[in-house]
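Participant: Once you've had a glance at the structure underneath, I'll fire off some questions.
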Amino acid sequence: MEYTFYKYQGTGNDFVMIDNRDETFPKNDTKLVAKLCDRRFGIGADGLILLENAGSTDFRMVYYNSDGNTSTMCGNGGRCIVAFANFLGIIDNETEFEAVDGRHHATIADDGTVSLHMKDVHTVSVYENYVFMDTGSPHHVELVEDLEKLDVKQIGSSIRYSGLYGDSGANVNFVTPLGADKFSVRTYERGVEDETYSCGTGVTAVAIAMKILGKTQANEVSLSTPGGLLKVSFVQQGKEFKEVYLTGPATFVFQGTVSW
């Protein structure tokens, strides 16, 4: 088979995009997905995303981690598929689509900035040295010093594979304040099993955690990642967070064909 693929990135978090509205992609072929995402023997990406038809929304997002397995919600991937749908002519500057964690509304500005409505966060668990929550994917958030020198892969992996989160594990975010409403973030992502340049659900979790911990009073927070700057806004209602939006660039990189 030969497929046309499209490469997109959102603050360095990169994805192979395939238009699967004809349903010809072998969705259960884990090894194929992993091969396409391999940075030495394939196209190279943090994940693969299929765009499919959906009955009551504009499209459906099917997300795979680079290990080839389907996964929970990917925020930057969600922003990138909105840009992809716009490129394909499926949507204009506004959309509603289906993902593994439900429906998402999003808008795309003339400069390519995508603002994605994330799921409400009903439960935030605060522990002595970290915060945990689910923002579409499970996230551990930990304040650290000397973030630039931190061995994110080694420490993140030890937390991800500890007994703390069971067999499924969790993504692990390390954060340092840069000001009253700006934070620096580095993330270890399960499924990739390494540090990524950015994680959308991760920075969303960081923004909410910093609000809960009193590290910011703002309802819109800037997050600096190795791949660029993202913004997260929200409305806090007691211990719940609603109207959560993840905003940042979603950029086309290149397209090509691949055969197997």
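By convention in this document, the chains of the structure tokens carry letters A, B, ... by their order, each chain's residues are numbered from 1, and ligands are numbered from 1 in the order they are shown.
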Residues of stretch 160-247 of chain A that approach stretch 47-52 of chain A to 12 Å or less, counting only C-alpha atoms: could you list each one with the shortest pair of atoms and its distance in Å to one decimal, rows by chain and increasing residue number, as CSV?
Facilitator:
```
residue,atom,partner,partner_atom,distance
A:Glu189,CA,A:Gly47,CA,11.0
A:Arg190,CA,A:Gly47,CA,11.3
A:Gly191,CA,A:Gly47,CA,8.8
A:Val192,CA,A:Gly47,CA,7.9
A:Glu193,CA,A:Gly47,CA,11.7
A:Thr196,CA,A:Gly47,CA,10.9
A:Cys199,CA,A:Gly47,CA,11.7
```
Participant: When you look at A:Val221 with a cut-off of 6 Å (counting only C-alpha atoms), what residues show up, excluding the ones that are within fewer than 2 positions of it in the same chain? I need them as JSON, numbers by chain.
Facilitator: {"A": [181, 182, 231, 232]}
Participant: Would you output that residue set with C-alpha atoms, as a PDB file, in the first residue's frame?
Facilitator:
```pdb
ATOM      1  CA  ASP A 181       2.048  33.987  35.313  1.00  0.00           C
ATOM      2  CA  LYS A 182       4.821  32.225  33.382  1.00  0.00           C
ATOM      3  CA  LYS A 231      -0.876  29.452  26.796  1.00  0.00           C
ATOM      4  CA  VAL A 232      -3.502  27.874  28.996  1.00  0.00           C
TER       5      VAL A 232
END
```
Participant: As JSON, numbers by chain, list the residues of stretch 16-187 of chain A assigned to alpha helix (DSSP H) by DSSP on the backbone atoms of this structure.
Facilitator: {"A": [30, 31, 32, 33, 34, 35, 36, 37, 75, 76, 77, 78, 79, 80, 81, 82, 83, 84, 85, 86, 87, 88, 152, 153, 154, 155, 156, 157, 158, 159, 160]}
Participant: For the residues selected in the previous step, produce a file with N, CA, C and O atoms as a tab-separated table (two decimals), in the first residue's frame.
Facilitator:
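Listing of part.tsv after writing:
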```tsv
chain	number	residue	atom	x	y	z
A	30	THR	N	0.10	-2.36	15.03
A	30	THR	CA	0.93	-1.62	15.98
A	30	THR	C	2.36	-1.45	15.48
A	30	THR	O	2.96	-0.38	15.61
A	31	LYS	N	2.91	-2.51	14.89
A	31	LYS	CA	4.29	-2.45	14.40
A	31	LYS	C	4.44	-1.44	13.28
A	31	LYS	O	5.47	-0.75	13.18
A	32	LEU	N	3.45	-1.34	12.41
A	32	LEU	CA	3.51	-0.37	11.31
A	32	LEU	C	3.52	1.05	11.85
A	32	LEU	O	4.32	1.89	11.42
A	33	VAL	N	2.63	1.35	12.79
A	33	VAL	CA	2.58	2.69	13.37
A	33	VAL	C	3.92	3.04	14.01
A	33	VAL	O	4.46	4.14	13.82
A	34	ALA	N	4.47	2.10	14.79
A	34	ALA	CA	5.76	2.34	15.43
A	34	ALA	C	6.86	2.56	14.41
A	34	ALA	O	7.74	3.42	14.59
A	35	LYS	N	6.81	1.82	13.30
A	35	LYS	CA	7.83	1.97	12.25
A	35	LYS	C	7.72	3.35	11.60
A	35	LYS	O	8.75	4.00	11.35
A	36	LEU	N	6.52	3.80	11.32
A	36	LEU	CA	6.34	5.11	10.70
A	36	LEU	C	6.83	6.23	11.61
A	36	LEU	O	7.36	7.24	11.15
A	37	CYS	N	6.67	6.06	12.92
A	37	CYS	CA	7.09	7.08	13.88
A	37	CYS	C	8.58	7.01	14.21
A	37	CYS	O	9.11	7.95	14.81
A	75	GLY	N	-2.99	16.97	23.51
A	75	GLY	CA	-3.40	18.35	23.30
A	75	GLY	C	-2.77	18.99	22.08
A	75	GLY	O	-3.45	19.61	21.25
A	76	ASN	N	-1.45	18.85	21.94
A	76	ASN	CA	-0.79	19.41	20.76
A	76	ASN	C	-1.22	18.69	19.49
A	76	ASN	O	-1.36	19.30	18.43
A	77	GLY	N	-1.44	17.39	19.59
A	77	GLY	CA	-1.96	16.65	18.45
A	77	GLY	C	-3.35	17.13	18.07
A	77	GLY	O	-3.68	17.22	16.88
A	78	GLY	N	-4.16	17.45	19.07
A	78	GLY	CA	-5.49	17.99	18.81
A	78	GLY	C	-5.43	19.32	18.08
A	78	GLY	O	-6.21	19.58	17.15
A	79	ARG	N	-4.47	20.16	18.48
A	79	ARG	CA	-4.31	21.44	17.78
A	79	ARG	C	-3.82	21.22	16.35
A	79	ARG	O	-4.26	21.88	15.42
A	80	CYS	N	-2.91	20.27	16.18
A	80	CYS	CA	-2.37	20.01	14.85
A	80	CYS	C	-3.41	19.40	13.90
A	80	CYS	O	-3.42	19.72	12.71
A	81	ILE	N	-4.28	18.55	14.42
A	81	ILE	CA	-5.29	17.97	13.53
A	81	ILE	C	-6.31	19.02	13.10
A	81	ILE	O	-6.88	18.94	12.01
A	82	VAL	N	-6.51	20.04	13.92
A	82	VAL	CA	-7.38	21.16	13.51
A	82	VAL	C	-6.75	21.89	12.32
A	82	VAL	O	-7.42	22.20	11.33
A	83	ALA	N	-5.44	22.14	12.40
A	83	ALA	CA	-4.74	22.77	11.27
A	83	ALA	C	-4.78	21.88	10.04
A	83	ALA	O	-4.94	22.37	8.90
A	84	PHE	N	-4.65	20.58	10.22
A	84	PHE	CA	-4.70	19.61	9.12
A	84	PHE	C	-6.09	19.61	8.47
A	84	PHE	O	-6.21	19.63	7.24
A	85	ALA	N	-7.13	19.61	9.28
A	85	ALA	CA	-8.50	19.63	8.76
A	85	ALA	C	-8.76	20.91	7.97
A	85	ALA	O	-9.46	20.90	6.94
A	86	ASN	N	-8.19	22.01	8.45
A	86	ASN	CA	-8.30	23.28	7.73
A	86	ASN	C	-7.60	23.19	6.38
A	86	ASN	O	-8.12	23.63	5.35
A	87	PHE	N	-6.41	22.59	6.37
A	87	PHE	CA	-5.65	22.40	5.13
A	87	PHE	C	-6.43	21.55	4.13
A	87	PHE	O	-6.43	21.82	2.91
A	88	LEU	N	-7.11	20.51	4.61
A	88	LEU	CA	-7.88	19.62	3.74
A	88	LEU	C	-9.19	20.24	3.26
A	88	LEU	O	-9.85	19.69	2.38
A	152	VAL	N	15.64	14.66	32.70
A	152	VAL	CA	14.20	14.42	32.60
A	152	VAL	C	13.89	12.98	32.22
A	152	VAL	O	12.96	12.37	32.77
A	153	LYS	N	14.66	12.42	31.30
A	153	LYS	CA	14.38	11.04	30.89
A	153	LYS	C	14.57	10.06	32.04
A	153	LYS	O	13.72	9.19	32.28
A	154	GLN	N	15.66	10.20	32.77
A	154	GLN	CA	15.95	9.24	33.84
A	154	GLN	C	14.97	9.39	35.00
A	154	GLN	O	14.38	8.41	35.46
A	155	ILE	N	14.77	10.62	35.46
A	155	ILE	CA	13.89	10.84	36.61
A	155	ILE	C	12.43	10.64	36.22
A	155	ILE	O	11.65	10.04	36.96
A	156	GLY	N	12.07	11.13	35.04
A	156	GLY	CA	10.70	10.94	34.58
A	156	GLY	C	10.34	9.47	34.42
A	156	GLY	O	9.26	9.03	34.81
A	157	SER	N	11.27	8.71	33.87
A	157	SER	CA	11.04	7.28	33.69
A	157	SER	C	10.88	6.57	35.03
A	157	SER	O	10.02	5.69	35.19
A	158	SER	N	11.68	6.96	36.02
A	158	SER	CA	11.60	6.31	37.33
A	158	SER	C	10.25	6.56	37.99
A	158	SER	O	9.71	5.68	38.68
A	159	ILE	N	9.67	7.75	37.77
A	159	ILE	CA	8.34	8.06	38.32
A	159	ILE	C	7.26	7.35	37.51
A	159	ILE	O	6.34	6.76	38.07
A	160	ARG	N	7.40	7.39	36.19
A	160	ARG	CA	6.40	6.77	35.30
A	160	ARG	C	6.27	5.27	35.57
A	160	ARG	O	5.18	4.71	35.56
```
Participant: Within 12 Å of stretch 5-21 of chain A, which residues of stretch 113-186 of chain A show up? Give each one with its shortest atom-to-atom distance in Å (one decimal) and the two atoms involved, counting only C-alpha atoms, rows by chain then rising residue number, as a tab-separated table.
Facilitator:
```
residue	atom	partner	partner_atom	distance
A:Thr113	CA	A:Gly10	CA	9.7
A:Val114	CA	A:Gly10	CA	9.5
A:Ser115	CA	A:Gly10	CA	11.8
```
Participant: If you count only C-alpha atoms, which residues fall within 10 Å of A:Ala209, apart from same-chain ones fewer than 3 positions away, as a list in words?
Facilitator: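 The residues that qualify are Val124, Ser125, Val126, Tyr130, Val131, Phe132, Met133, His140, Val141, Glu142, Leu143, Val203, Thr204, Ala205, Val206, Ile212, Leu213, Gly214, Lys215 and Thr216 of chain A.
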